[in-house]
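**Q** File start04.txt below, compact mmCIF, C-alpha atoms and all ligand atoms:
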```txt
# COMPACT_ATOMS: atom_id res chain seq x y z
CA MET A 64 62.90 -36.90 -13.01
CA THR A 65 65.11 -36.97 -10.01
CA PHE A 66 65.09 -39.21 -6.98
CA SER A 67 63.66 -36.35 -4.87
CA ALA A 68 60.56 -36.20 -7.11
CA GLU A 69 60.03 -39.91 -6.51
CA ARG A 70 60.39 -39.32 -2.79
CA ALA A 71 57.92 -36.43 -2.92
CA LEU A 72 55.31 -38.37 -4.88
CA GLY A 73 55.77 -42.04 -3.97
CA GLY A 74 53.13 -43.34 -1.58
CA ARG A 75 50.95 -40.23 -1.98
CA ARG A 76 47.22 -40.43 -2.73
CA ILE A 77 46.78 -38.52 -5.97
CA LEU A 78 43.72 -37.69 -8.07
CA VAL A 79 44.16 -37.25 -11.82
CA THR A 80 41.09 -35.93 -13.62
CA GLY A 81 41.26 -36.75 -17.32
CA GLY A 82 43.69 -39.57 -16.52
CA ALA A 83 42.33 -41.77 -19.32
CA GLY A 84 43.46 -39.19 -21.87
CA PHE A 85 46.77 -38.73 -23.65
CA VAL A 86 48.73 -36.52 -21.24
CA GLY A 87 46.69 -37.45 -18.13
CA GLY A 88 47.38 -41.13 -18.88
CA ALA A 89 51.12 -40.42 -19.13
CA VAL A 90 51.07 -38.47 -15.85
CA SER A 91 49.14 -41.29 -14.14
CA ARG A 92 51.56 -43.91 -15.42
CA ARG A 93 54.57 -41.99 -14.17
CA LEU A 94 52.94 -41.52 -10.76
CA VAL A 95 52.07 -45.22 -10.45
CA ASP A 96 55.66 -46.10 -11.42
CA MET A 97 56.86 -43.82 -8.61
CA GLY A 98 54.70 -45.71 -6.12
CA ALA A 99 51.85 -43.18 -5.80
CA ARG A 100 48.28 -44.35 -5.12
CA VAL A 101 46.51 -42.87 -8.12
CA THR A 102 42.78 -42.42 -8.71
CA VAL A 103 41.64 -41.42 -12.19
CA LEU A 104 38.36 -39.60 -12.73
CA ASP A 105 37.37 -39.59 -16.41
CA ASP A 106 34.09 -39.72 -18.33
CA LEU A 107 35.82 -41.37 -21.35
CA PHE A 108 34.70 -38.55 -23.63
CA THR A 109 37.95 -38.95 -25.58
CA GLY A 110 39.89 -41.03 -23.07
CA LYS A 111 40.12 -44.82 -23.14
CA ALA A 112 40.01 -47.06 -20.08
CA GLU A 113 42.99 -49.05 -21.41
CA THR A 114 45.15 -45.91 -21.18
CA ILE A 115 44.81 -45.93 -17.39
CA PRO A 116 47.85 -47.71 -15.94
CA THR A 117 47.49 -50.94 -14.06
CA GLY A 118 47.56 -50.13 -10.38
CA ALA A 119 45.50 -46.94 -10.66
CA GLN A 120 41.93 -46.90 -9.46
CA PHE A 121 39.41 -45.79 -12.12
CA VAL A 122 36.24 -43.88 -11.37
CA GLN A 123 34.13 -43.33 -14.46
CA GLY A 124 32.33 -40.03 -14.07
CA SER A 125 32.35 -36.38 -14.96
CA VAL A 126 34.05 -33.41 -13.33
CA THR A 127 30.68 -31.69 -13.72
CA ASP A 128 29.35 -33.98 -10.93
CA HIS A 129 30.26 -31.77 -7.97
CA ALA A 130 29.36 -34.29 -5.25
CA MET A 131 31.57 -36.95 -6.81
CA VAL A 132 34.39 -34.44 -7.29
CA ARG A 133 34.09 -33.31 -3.67
CA ASP A 134 34.40 -36.88 -2.38
CA LEU A 135 37.34 -37.73 -4.60
CA VAL A 136 39.29 -34.54 -3.91
CA ALA A 137 38.77 -35.11 -0.17
CA GLU A 138 40.45 -38.53 -0.42
CA ASN A 139 43.63 -37.23 -2.05
CA SER A 140 46.53 -34.98 -1.06
CA LEU A 141 47.39 -33.88 -4.61
CA VAL A 142 45.17 -33.15 -7.59
CA PHE A 143 46.16 -32.98 -11.25
CA HIS A 144 43.13 -31.42 -12.92
CA MET A 145 43.56 -32.37 -16.56
CA ALA A 146 40.02 -33.30 -17.70
CA ALA A 147 38.88 -31.03 -20.52
CA ARG A 148 36.81 -30.86 -23.64
CA ASN A 149 39.34 -30.40 -26.46
CA ILE A 150 39.42 -27.52 -28.93
CA ILE A 151 37.47 -29.28 -31.68
CA ALA A 152 34.66 -30.47 -29.39
CA SER A 153 34.67 -27.06 -27.77
CA THR A 154 34.34 -25.18 -31.05
CA ALA A 155 31.42 -27.42 -32.02
CA ASN A 156 29.67 -27.13 -28.66
CA PRO A 157 30.82 -24.20 -26.50
CA ARG A 158 28.17 -24.85 -23.84
CA ASP A 159 29.41 -28.38 -23.25
CA ASP A 160 32.95 -26.97 -23.12
CA PHE A 161 31.84 -24.34 -20.59
CA GLU A 162 30.30 -26.98 -18.34
CA THR A 163 33.43 -29.16 -18.25
CA ASN A 164 36.30 -26.72 -18.67
CA ILE A 165 34.97 -23.92 -16.48
CA GLY A 166 32.27 -25.63 -14.37
CA GLY A 167 34.37 -28.76 -13.79
CA THR A 168 37.36 -26.65 -12.76
CA LEU A 169 35.23 -24.67 -10.34
CA ASN A 170 34.01 -27.96 -8.85
CA VAL A 171 37.59 -29.15 -8.32
CA LEU A 172 38.63 -25.84 -6.71
CA MET A 173 35.55 -25.63 -4.46
CA ALA A 174 36.22 -29.19 -3.30
CA ALA A 175 39.88 -28.33 -2.72
CA ARG A 176 38.96 -25.22 -0.75
CA GLU A 177 37.08 -27.54 1.61
CA SER A 178 39.56 -30.40 1.97
CA ARG A 179 42.87 -28.49 1.42
CA PRO A 180 45.06 -30.83 -0.66
CA ASP A 181 48.77 -29.92 -0.76
CA ARG A 182 48.42 -28.67 -4.33
CA VAL A 183 46.12 -28.52 -7.35
CA VAL A 184 47.87 -28.49 -10.72
CA TYR A 185 45.81 -27.17 -13.63
CA THR A 186 46.79 -27.94 -17.22
CA SER A 187 46.09 -24.92 -19.38
CA SER A 188 46.98 -24.19 -22.96
CA THR A 189 49.10 -21.78 -24.96
CA SER A 190 45.99 -21.21 -27.08
CA VAL A 191 45.24 -18.40 -24.59
CA TYR A 192 47.88 -16.28 -26.37
CA GLY A 193 46.01 -16.20 -29.69
CA ASN A 194 48.07 -14.47 -32.36
CA PRO A 195 50.92 -13.00 -30.31
CA ARG A 196 52.33 -9.52 -30.99
CA SER A 197 55.87 -10.81 -30.57
CA ILE A 198 57.60 -14.17 -30.14
CA PRO A 199 58.72 -16.07 -28.19
CA ILE A 200 55.67 -15.57 -25.96
CA ASN A 201 56.15 -14.79 -22.26
CA GLU A 202 53.65 -15.79 -19.59
CA ASP A 203 52.72 -12.17 -18.89
CA ASP A 204 52.27 -11.15 -22.53
CA GLY A 205 48.80 -10.06 -23.64
CA LEU A 206 46.16 -12.77 -24.05
CA VAL A 207 43.89 -12.80 -27.08
CA LEU A 208 41.11 -15.33 -26.94
CA LEU A 209 40.28 -16.53 -30.43
CA SER A 210 38.23 -19.64 -29.60
CA PRO A 211 35.70 -20.77 -26.99
CA TYR A 212 38.36 -23.29 -25.91
CA ALA A 213 40.85 -20.49 -25.18
CA VAL A 214 38.12 -18.71 -23.19
CA SER A 215 37.35 -21.78 -21.10
CA LYS A 216 40.97 -22.77 -20.48
CA LEU A 217 41.74 -19.22 -19.35
CA GLY A 218 38.53 -19.23 -17.30
CA GLY A 219 39.86 -22.29 -15.44
CA GLU A 220 43.22 -20.58 -14.96
CA ASN A 221 41.60 -17.42 -13.67
CA TYR A 222 39.59 -19.41 -11.12
CA CYS A 223 42.84 -21.07 -9.99
CA THR A 224 44.49 -17.69 -9.49
CA ALA A 225 41.41 -16.32 -7.73
CA PHE A 226 41.30 -19.30 -5.34
CA TYR A 227 45.00 -18.85 -4.63
CA GLU A 228 44.57 -15.14 -3.92
CA SER A 229 41.22 -15.33 -2.09
CA TYR A 230 41.54 -18.56 -0.12
CA GLY A 231 45.26 -19.30 -0.15
CA LEU A 232 44.63 -22.51 -2.10
CA PRO A 233 48.00 -23.87 -3.31
CA VAL A 234 47.59 -24.06 -7.09
CA ALA A 235 50.01 -24.16 -10.01
CA VAL A 236 49.22 -23.73 -13.69
CA VAL A 237 51.11 -25.14 -16.67
CA ARG A 238 50.34 -23.89 -20.18
CA TYR A 239 51.14 -26.71 -22.59
CA SER A 240 52.16 -26.09 -26.16
CA ASN A 241 51.20 -28.81 -28.68
CA VAL A 242 52.07 -31.96 -26.77
CA TYR A 243 52.80 -35.04 -28.91
CA GLY A 244 54.34 -38.47 -28.52
CA PRO A 245 53.65 -42.10 -27.69
CA GLY A 246 50.12 -42.58 -26.36
CA GLN A 247 48.50 -39.98 -28.63
CA ARG A 248 46.07 -42.17 -30.47
CA PRO A 249 45.39 -41.38 -34.14
CA ASP A 250 42.00 -43.14 -33.83
CA ASN A 251 40.93 -40.30 -31.52
CA PRO A 252 39.22 -37.89 -33.95
CA TYR A 253 40.45 -34.99 -31.82
CA CYS A 254 44.13 -35.99 -31.72
CA GLY A 255 46.66 -33.37 -32.72
CA VAL A 256 48.38 -32.72 -36.03
CA VAL A 257 51.39 -34.95 -35.26
CA SER A 258 49.23 -38.07 -34.84
CA LYS A 259 47.14 -37.25 -37.90
CA PHE A 260 50.22 -36.80 -40.08
CA PHE A 261 51.72 -40.06 -38.83
CA ALA A 262 48.51 -41.94 -39.60
CA SER A 263 48.42 -40.54 -43.15
CA VAL A 264 52.09 -41.21 -43.95
CA MET A 265 51.87 -44.75 -42.56
CA ALA A 266 48.76 -45.41 -44.66
CA GLY A 267 50.51 -43.99 -47.76
CA GLU A 268 47.95 -41.20 -47.97
CA PRO A 269 48.65 -37.51 -48.57
CA LEU A 270 48.93 -35.18 -45.60
CA MET A 271 46.14 -32.62 -45.52
CA ILE A 272 47.62 -29.26 -44.56
CA HIS A 273 45.09 -26.56 -43.77
CA GLY A 274 46.32 -23.34 -45.42
CA ASP A 275 49.86 -22.82 -46.77
CA GLY A 276 51.60 -24.84 -44.02
CA GLU A 277 53.80 -21.91 -43.02
CA GLN A 278 51.88 -21.52 -39.74
CA THR A 279 54.17 -22.48 -36.85
CA ARG A 280 53.85 -24.24 -33.51
CA ASP A 281 56.07 -25.24 -30.60
CA PHE A 282 55.91 -29.05 -30.27
CA THR A 283 56.48 -30.53 -26.81
CA TYR A 284 57.34 -34.18 -26.23
CA VAL A 285 54.96 -35.87 -23.81
CA ASP A 286 57.62 -37.06 -21.32
CA ASP A 287 58.90 -33.49 -21.04
CA ALA A 288 55.36 -32.22 -20.43
CA VAL A 289 54.93 -34.87 -17.72
CA ASP A 290 58.20 -33.82 -16.01
CA ALA A 291 57.11 -30.17 -15.99
CA THR A 292 53.67 -31.08 -14.63
CA LEU A 293 55.09 -33.15 -11.77
CA LEU A 294 57.55 -30.40 -10.88
CA ALA A 295 54.65 -27.92 -10.75
CA ALA A 296 53.06 -30.24 -8.18
CA ILE A 297 56.01 -30.53 -5.83
CA HIS A 298 58.26 -27.50 -6.25
CA PRO A 299 57.70 -24.91 -3.50
CA ARG A 300 58.27 -22.05 -5.95
CA ALA A 301 55.50 -23.25 -8.31
CA GLU A 302 52.72 -22.26 -5.94
CA GLY A 303 50.47 -19.54 -7.38
CA GLU A 304 52.49 -19.44 -10.62
CA VAL A 305 51.74 -19.93 -14.32
CA PHE A 306 54.40 -21.58 -16.51
CA ASN A 307 54.80 -22.03 -20.24
CA VAL A 308 55.66 -25.61 -21.16
CA GLY A 309 57.19 -25.84 -24.63
CA THR A 310 60.62 -25.94 -26.23
CA GLY A 311 61.24 -22.39 -27.40
CA ILE A 312 61.66 -23.78 -30.93
CA GLU A 313 59.32 -22.75 -33.73
CA THR A 314 58.44 -25.38 -36.33
CA SER A 315 56.25 -24.85 -39.39
CA ILE A 316 53.62 -27.39 -40.33
CA ASN A 317 55.44 -27.97 -43.65
CA GLN A 318 58.66 -28.73 -41.71
CA LEU A 319 56.73 -31.06 -39.40
CA ALA A 320 55.36 -32.95 -42.41
CA ARG A 321 58.88 -33.48 -43.77
CA GLU A 322 60.18 -34.59 -40.35
CA ILE A 323 57.38 -37.12 -39.98
CA GLY A 324 58.11 -38.50 -43.45
CA ARG A 325 61.74 -38.92 -42.36
CA ALA A 326 60.74 -40.65 -39.09
CA VAL A 327 58.55 -43.13 -41.01
CA GLY A 328 61.07 -43.57 -43.81
CA ARG A 329 58.70 -42.42 -46.56
CA GLU A 330 58.31 -39.17 -48.41
CA ALA A 331 55.32 -37.24 -47.06
CA ARG A 332 53.01 -36.21 -49.91
CA VAL A 333 51.23 -33.01 -49.01
CA GLU A 334 47.90 -31.55 -50.13
CA HIS A 335 46.96 -28.03 -49.12
CA VAL A 336 43.28 -27.61 -48.25
CA ASP A 337 41.23 -24.71 -46.90
CA ARG A 338 41.93 -23.59 -43.37
CA ARG A 339 39.36 -24.55 -40.70
CA ASP A 340 37.65 -22.25 -38.22
CA ILE A 341 40.07 -23.41 -35.50
CA ASP A 342 43.15 -22.55 -37.61
CA ASN A 343 43.29 -18.88 -36.76
CA ILE A 344 46.68 -18.77 -35.04
CA ARG A 345 49.62 -18.07 -37.38
CA ARG A 346 52.75 -18.32 -35.25
CA ARG A 347 53.35 -19.79 -31.84
CA VAL A 348 56.53 -20.41 -29.91
CA VAL A 349 56.84 -19.88 -26.19
CA ASN A 350 59.56 -18.55 -23.95
CA ILE A 351 60.45 -21.22 -21.38
CA GLU A 352 62.86 -19.11 -19.35
CA LYS A 353 60.53 -18.81 -16.35
CA ILE A 354 60.12 -22.55 -15.76
CA ARG A 355 63.82 -23.13 -16.47
CA ARG A 356 64.83 -20.51 -13.93
CA MET A 357 62.27 -21.26 -11.21
CA LEU A 358 61.75 -25.03 -11.45
CA HIS A 359 64.99 -25.98 -13.26
CA TRP A 360 63.02 -27.72 -15.99
CA VAL A 361 64.29 -27.94 -19.55
CA PRO A 362 62.85 -30.10 -22.31
CA GLY A 363 65.05 -33.14 -22.88
CA THR A 364 63.76 -34.43 -26.22
CA THR A 365 64.40 -32.84 -29.62
CA LEU A 366 61.65 -32.97 -32.25
CA ASP A 367 63.44 -35.53 -34.42
CA ARG A 368 64.06 -37.88 -31.47
CA GLY A 369 60.50 -37.40 -30.20
CA LEU A 370 59.07 -38.18 -33.64
CA ASP A 371 61.29 -41.28 -33.93
CA ALA A 372 59.96 -42.52 -30.57
CA THR A 373 56.40 -41.80 -31.69
CA ALA A 374 56.92 -43.76 -34.91
CA VAL A 375 58.22 -46.74 -32.92
CA TRP A 376 55.20 -46.63 -30.60
CA LEU A 377 52.71 -46.28 -33.46
CA ARG A 378 54.23 -49.23 -35.34
CA ALA A 379 54.10 -51.38 -32.20
CA SER A 380 50.50 -50.42 -31.46
CA ARG A 381 49.44 -51.12 -35.08
CA GLU A 382 51.12 -54.53 -34.95
CA GLY A 383 49.43 -55.19 -31.58
CA ALA A 384 46.03 -54.25 -33.03
CA GLY A 385 46.62 -56.47 -36.07
CA ARG A 386 47.27 -59.61 -34.00
N1 LIG B 1 47.69 -32.26 -25.85
C1 LIG B 1 47.98 -30.97 -25.99
O1 LIG B 1 48.69 -30.58 -26.92
C2 LIG B 1 47.47 -29.95 -25.01
C3 LIG B 1 47.79 -28.61 -25.23
C4 LIG B 1 47.32 -27.65 -24.32
C5 LIG B 1 46.59 -28.03 -23.22
N2 LIG B 1 46.27 -29.33 -23.03
C6 LIG B 1 45.48 -29.66 -21.85
O2 LIG B 1 46.01 -30.84 -21.26
C7 LIG B 1 44.97 -31.63 -20.70
C8 LIG B 1 45.04 -33.04 -21.27
O3 LIG B 1 44.87 -32.98 -22.68
P1 LIG B 1 45.06 -34.24 -23.62
O4 LIG B 1 45.80 -33.80 -24.81
O5 LIG B 1 45.56 -35.39 -22.84
O6 LIG B 1 43.57 -34.47 -24.10
P2 LIG B 1 42.64 -35.78 -24.01
O7 LIG B 1 41.38 -35.43 -24.73
O8 LIG B 1 43.41 -36.97 -24.48
O9 LIG B 1 42.40 -35.90 -22.45
C9 LIG B 1 41.36 -35.24 -21.77
C10 LIG B 1 40.68 -36.26 -20.92
O10 LIG B 1 39.62 -35.60 -20.21
C11 LIG B 1 38.49 -36.46 -20.24
N3 LIG B 1 37.29 -35.64 -20.03
C12 LIG B 1 36.72 -34.76 -20.91
N4 LIG B 1 35.63 -34.22 -20.35
C13 LIG B 1 35.51 -34.76 -19.09
C14 LIG B 1 34.58 -34.60 -18.03
N5 LIG B 1 33.53 -33.78 -18.14
N6 LIG B 1 34.77 -35.31 -16.90
C15 LIG B 1 35.82 -36.16 -16.76
N7 LIG B 1 36.71 -36.36 -17.75
C16 LIG B 1 36.57 -35.66 -18.89
C17 LIG B 1 38.54 -37.14 -21.59
O11 LIG B 1 37.77 -38.32 -21.66
C18 LIG B 1 40.03 -37.39 -21.72
O12 LIG B 1 40.39 -38.64 -21.18
C19 LIG B 1 43.68 -30.89 -21.00
O13 LIG B 1 43.35 -30.11 -19.88
C20 LIG B 1 44.04 -29.99 -22.17
O14 LIG B 1 43.23 -28.83 -22.20
C21 LIG B 1 46.69 -30.30 -23.90
```
Once you've parsed the file, please lay out its structure as structure tokens.
Ligand SMILES: NC(=O)c1ccc[n+]([C@@H]2O[C@H](COP(=O)([O-])OP(=O)(O)OC[C@H]3O[C@@H](n4cnc5c(N)ncnc54)[C@H](O)[C@@H]3O)[C@@H](O)[C@H]2O)c1

**A**
Amino acid sequence: MTFSAERALGGRRILVTGGAGFVGGAVSRRLVDMGARVTVLDDLFTGKAETIPTGAQFVQGSVTDHAMVRDLVAENSLVFHMAARNIIASTANPRDDFETNIGGTLNVLMAARESRPDRVVYTSSTSVYGNPRSIPINEDDGLVLLSPYAVSKLGGENYCTAFYESYGLPVAVVRYSNVYGPGQRPDNPYCGVVSKFFASVMAGEPLMIHGDGEQTRDFTYVDDAVDATLLAAIHPRAEGEVFNVGTGIETSINQLAREIGRAVGREARVEHVDRRDIDNIRRRVVNIEKIRRMLHWVPGTTLDRGLDATAVWLRASREGAGR
């Protein structure tokens, strides 16, 4: 991130919902390092209080509590709305997902309509594309909602767009594609495939691949996702826009398994098991031309370097836990 981003964010009062989670924690840490006055609102559903950086204020509560959300949004000039029920929790309990992912987002936007922060950034997901007709996927390609999670994340997005169009609320939406990296805790039962594979290889256990492993994803390193998210908050051209955040590179799950084995220095043994109900997307890789062109963002970390950094972090955190 450039000096101008630090200037734009340092000293600001900023609310991060979901700031005890993986990506929200990384965003909060970067903001604190830039000198922002950060408040985290999180109900610790999957987040951990120790993820919240020193220097940030922590309010334990839910985005479904509209009075609390109203008060917190009113105290801040920027909002990163990142709190969400993840895809696995959502598939198990779509009503709970609805209340947080759609209801919580509506609470944030209603509060923002009242107190008018400079911007609300909403973190959506490339799961809204479902099984795309063609790849790489553009932001304005057709959306196919294959899970309650995709429905709720798009519901949040649609409310953001509606509040921008109806009330002139300055919003920006980023659609993340499979974010991974240091801070993604394998002890979180909902962590992504990268963390799960690392945990298995490090424990000398076989990697469980659901299906044939030829399904593909676009893996985004967490620091790159943070950069894109901060740019969406400060760049004048981001207002009212939706951006893919990925790498434009398609990686199969079998390839990922081999790369993780390499990063750990052990051969990854693989076992293929039945696909789960959430594994209904075959190929995914996004086009990142729009964010490159409009916000001048490009991902800076290749998959092999990102996995090496993740391995280093995981080893250090295991050693720390063992002390
Ligand atoms: N990690 C990814 O690959 C990915 C991909 C696409 C989209 N996203 C989106 O990015 C955001 C962050 O995801 P993450 O990977 O860090 O997940 P995470 O589960 O680590 O973080 C989500 C945080 O939200 C909190 N939360 C959940 N329900 C809440 C509620 N009702 N009130 C307050 N806090 C609540 C959780 O405790 C957690 O700390 C989410 O909006 C998610 O939908 C992530």

**Q** So that I can see what lies close to Ser125 of chain A, please list as a ChimeraX atom specification the residues with an atom at most 6 Å from it, counting only C-alpha atoms and leaving out residues fewer than 2 positions away in the same chain.

**A** /A:106,127-128

**Q** Please write out the residues within 7 Å of ligand LIG 1 (chain B) as number ranges by chain, counting all atoms listed in the file.

**A** A: 80-87, 104-111, 124-127, 145-149, 163, 167, 186-189, 216, 238-243, 255

**Q** Kindly export the residues of the current selection with C-alpha atoms, as a PDB file, in the frame of the given file.

**A**
```
ATOM      1  CA  THR A  80      41.090 -35.930 -13.620  1.00  0.00           C
ATOM      2  CA  GLY A  81      41.260 -36.750 -17.320  1.00  0.00           C
ATOM      3  CA  GLY A  82      43.690 -39.570 -16.520  1.00  0.00           C
ATOM      4  CA  ALA A  83      42.330 -41.770 -19.320  1.00  0.00           C
ATOM      5  CA  GLY A  84      43.460 -39.190 -21.870  1.00  0.00           C
ATOM      6  CA  PHE A  85      46.770 -38.730 -23.650  1.00  0.00           C
ATOM      7  CA  VAL A  86      48.730 -36.520 -21.240  1.00  0.00           C
ATOM      8  CA  GLY A  87      46.690 -37.450 -18.130  1.00  0.00           C
ATOM      9  CA  LEU A 104      38.360 -39.600 -12.730  1.00  0.00           C
ATOM     10  CA  ASP A 105      37.370 -39.590 -16.410  1.00  0.00           C
ATOM     11  CA  ASP A 106      34.090 -39.720 -18.330  1.00  0.00           C
ATOM     12  CA  LEU A 107      35.820 -41.370 -21.350  1.00  0.00           C
ATOM     13  CA  PHE A 108      34.700 -38.550 -23.630  1.00  0.00           C
ATOM     14  CA  THR A 109      37.950 -38.950 -25.580  1.00  0.00           C
ATOM     15  CA  GLY A 110      39.890 -41.030 -23.070  1.00  0.00           C
ATOM     16  CA  LYS A 111      40.120 -44.820 -23.140  1.00  0.00           C
ATOM     17  CA  GLY A 124      32.330 -40.030 -14.070  1.00  0.00           C
ATOM     18  CA  SER A 125      32.350 -36.380 -14.960  1.00  0.00           C
ATOM     19  CA  VAL A 126      34.050 -33.410 -13.330  1.00  0.00           C
ATOM     20  CA  THR A 127      30.680 -31.690 -13.720  1.00  0.00           C
ATOM     21  CA  MET A 145      43.560 -32.370 -16.560  1.00  0.00           C
ATOM     22  CA  ALA A 146      40.020 -33.300 -17.700  1.00  0.00           C
ATOM     23  CA  ALA A 147      38.880 -31.030 -20.520  1.00  0.00           C
ATOM     24  CA  ARG A 148      36.810 -30.860 -23.640  1.00  0.00           C
ATOM     25  CA  ASN A 149      39.340 -30.400 -26.460  1.00  0.00           C
ATOM     26  CA  THR A 163      33.430 -29.160 -18.250  1.00  0.00           C
ATOM     27  CA  GLY A 167      34.370 -28.760 -13.790  1.00  0.00           C
ATOM     28  CA  THR A 186      46.790 -27.940 -17.220  1.00  0.00           C
ATOM     29  CA  SER A 187      46.090 -24.920 -19.380  1.00  0.00           C
ATOM     30  CA  SER A 188      46.980 -24.190 -22.960  1.00  0.00           C
ATOM     31  CA  THR A 189      49.100 -21.780 -24.960  1.00  0.00           C
ATOM     32  CA  LYS A 216      40.970 -22.770 -20.480  1.00  0.00           C
ATOM     33  CA  ARG A 238      50.340 -23.890 -20.180  1.00  0.00           C
ATOM     34  CA  TYR A 239      51.140 -26.710 -22.590  1.00  0.00           C
ATOM     35  CA  SER A 240      52.160 -26.090 -26.160  1.00  0.00           C
ATOM     36  CA  ASN A 241      51.200 -28.810 -28.680  1.00  0.00           C
ATOM     37  CA  VAL A 242      52.070 -31.960 -26.770  1.00  0.00           C
ATOM     38  CA  TYR A 243      52.800 -35.040 -28.910  1.00  0.00           C
ATOM     39  CA  GLY A 255      46.660 -33.370 -32.720  1.00  0.00           C
TER      40      GLY A 255
END
```

**Q** With distances taken over all atoms listed in the file, which of A:Ala235, A:Ile344, A:Leu208, A:Ile77 is nearest to Arg93 of chain A?

**A**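 Closest to Arg93 of chain A, using all atoms listed in the file: A:Ile77.
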
**Q** Give me, please, the distance in Å between atom CA of Leu232 of chain A and atom CA of Ala301 of chain A, quoted to one decimal.

**A** 12.5 Å

**Q** Restricting the calculation to all atoms listed in the file, which member of A:Gln120, A:Ser229, A:Thr364, A:Thr314 is positioned closest to Gly276 of chain A?

**A**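 Between A:Gln120, A:Ser229, A:Thr364, A:Thr314, the residue approaching Gly276 of chain A most closely is A:Thr314.
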
**Q** Calculated over all atoms listed in the file, which of the candidates A:Glu162, A:Ala291, A:Ser215, A:Arg300 has the smallest distance to His129 of chain A?

**A**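 Of all the options, A:Glu162 lies closest to His129 of chain A.
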
**Q** Restricting the calculation to only C-alpha atoms: of A:Pro199, A:Gly274, A:Gly267, A:Gly309, which residue gets closest to Trp360 of chain A?

**A**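 Nearest candidate to Trp360 of chain A out of A:Pro199, A:Gly274, A:Gly267, A:Gly309: A:Gly309.
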
**Q** Skipping near chain neighbours, those fewer than 6 positions away, what residues fall within 12 Å of Ala213 of chain A using all atoms listed in the file, listed as a list in words?

**A** Ala147, Arg148, Asn149, Ile150, Ile151, Ser153, Thr154, Pro157, Asp160, Phe161, Asn164, Ile165, Ser187, Ser188, Thr189, Ser190, Val191, Tyr192, Gly193, Asn194, Leu206, Val207, Gly219, Glu220, Asn221, Arg238, Ile341, Asn343 and Ile344 of chain A

**Q** Residues of segment 258-304 of chain A that approach segment 379-382 of chain A to 12 Å or less, counting all atoms listed in the file: could you list each one with the shortest pair of atoms and its distance in Å to one decimal, rows by chain and increasing residue number, as CSV?

**A**
```
residue,atom,partner,partner_atom,distance
A:Phe261,CA,A:Arg381,CA,11.9
A:Ala262,CA,A:Arg381,CA,10.3
A:Met265,CA,A:Arg381,CA,10.1
A:Ala266,CA,A:Arg381,CA,11.2
```

**Q** Keeping only C-alpha atoms, take the residues you just selected and write them out as an mmCIF file, in the frame of the given file.

**A**
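Generated file (again-v2.cif):
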```
data_model
loop_
_atom_site.group_PDB
_atom_site.id
_atom_site.type_symbol
_atom_site.label_atom_id
_atom_site.label_comp_id
_atom_site.auth_asym_id
_atom_site.auth_seq_id
_atom_site.Cartn_x
_atom_site.Cartn_y
_atom_site.Cartn_z
ATOM 1 C CA PHE A 261 51.720 -40.060 -38.830
ATOM 2 C CA ALA A 262 48.510 -41.940 -39.600
ATOM 3 C CA MET A 265 51.870 -44.750 -42.560
ATOM 4 C CA ALA A 266 48.760 -45.410 -44.660
#
```

**Q** Using only C-alpha atoms, pick whichever of A:Val257, A:Leu78, A:Leu319, A:Ala326 has the shortest atom-to-atom distance to Asp371 of chain A.

**A**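 Closest candidate: A:Ala326.
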
**Q** Between A:Arg280, A:His144, A:His359, A:Arg158, which is the closest to Val103 of chain A once you count all atoms listed in the file?

**A**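 Closest residue, counting all atoms listed in the file: A:His144.
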
**Q** Around all the atoms of segment 199-203 of chain A listed in the file, with 5 Å of room on each side, what axis-aligned box do you get, giving centre and edge lengths in Å to one decimal, as lines of an AutoDock Vina configuration file?

**A**
```
center_x = 55.7
center_y = -14.1
center_z = -23.5
size_x = 16.0
size_y = 13.9
size_z = 19.3
```

**Q** Would you pick out the contacts of Trp376 of chain A at 8 Å or less, using all atoms listed in the file, so that residues sharing its chain but fewer than 4 positions from it are not included, and give the list as a list in words?

**A** Pro245, Gly246, Ala372 and Ser380 of chain A

**Q** Suppose we keep C-alpha atoms; can you now write the selection as a compact mmCIF listing (two decimals), in the coordinates of the input?

**A**
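This is the output file again_8.txt:
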```
# COMPACT_ATOMS: atom_id res chain seq x y z
CA PRO A 245 53.65 -42.10 -27.69
CA GLY A 246 50.12 -42.58 -26.36
CA ALA A 372 59.96 -42.52 -30.57
CA SER A 380 50.50 -50.42 -31.46
```

**Q** Quick one: distance from atom CA of Thr102 of chain A to atom CA of Asn307 of chain A in Å, one decimal?

**A**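 Interatomic distance, atom CA of Thr102 of chain A to atom CA of Asn307 of chain A: 26.3 Å.
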
**Q** To one decimal place, how far is atom CA of Gly74 of chain A from atom CA of Thr292 of chain A in Å?

**A**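 So the answer is 17.9 Å.
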
**Q** For segment 138-143 of chain A, work out the shell of residues within 8 Å, counting all atoms listed in the file and skipping chain neighbours fewer than 2 positions away, then give it as a ChimeraX atom specification.

**A** /A:75-80,134-136,145,179-186,296

**Q** Near Pro299 of chain A, within 12 Å and counting all atoms listed in the file, which residues show up once chain neighbours fewer than 2 positions away are dropped, as JSON, numbers by chain?

**A** {"A": [71, 181, 182, 233, 234, 235, 293, 294, 295, 296, 297, 301, 302, 303, 304, 357, 358]}
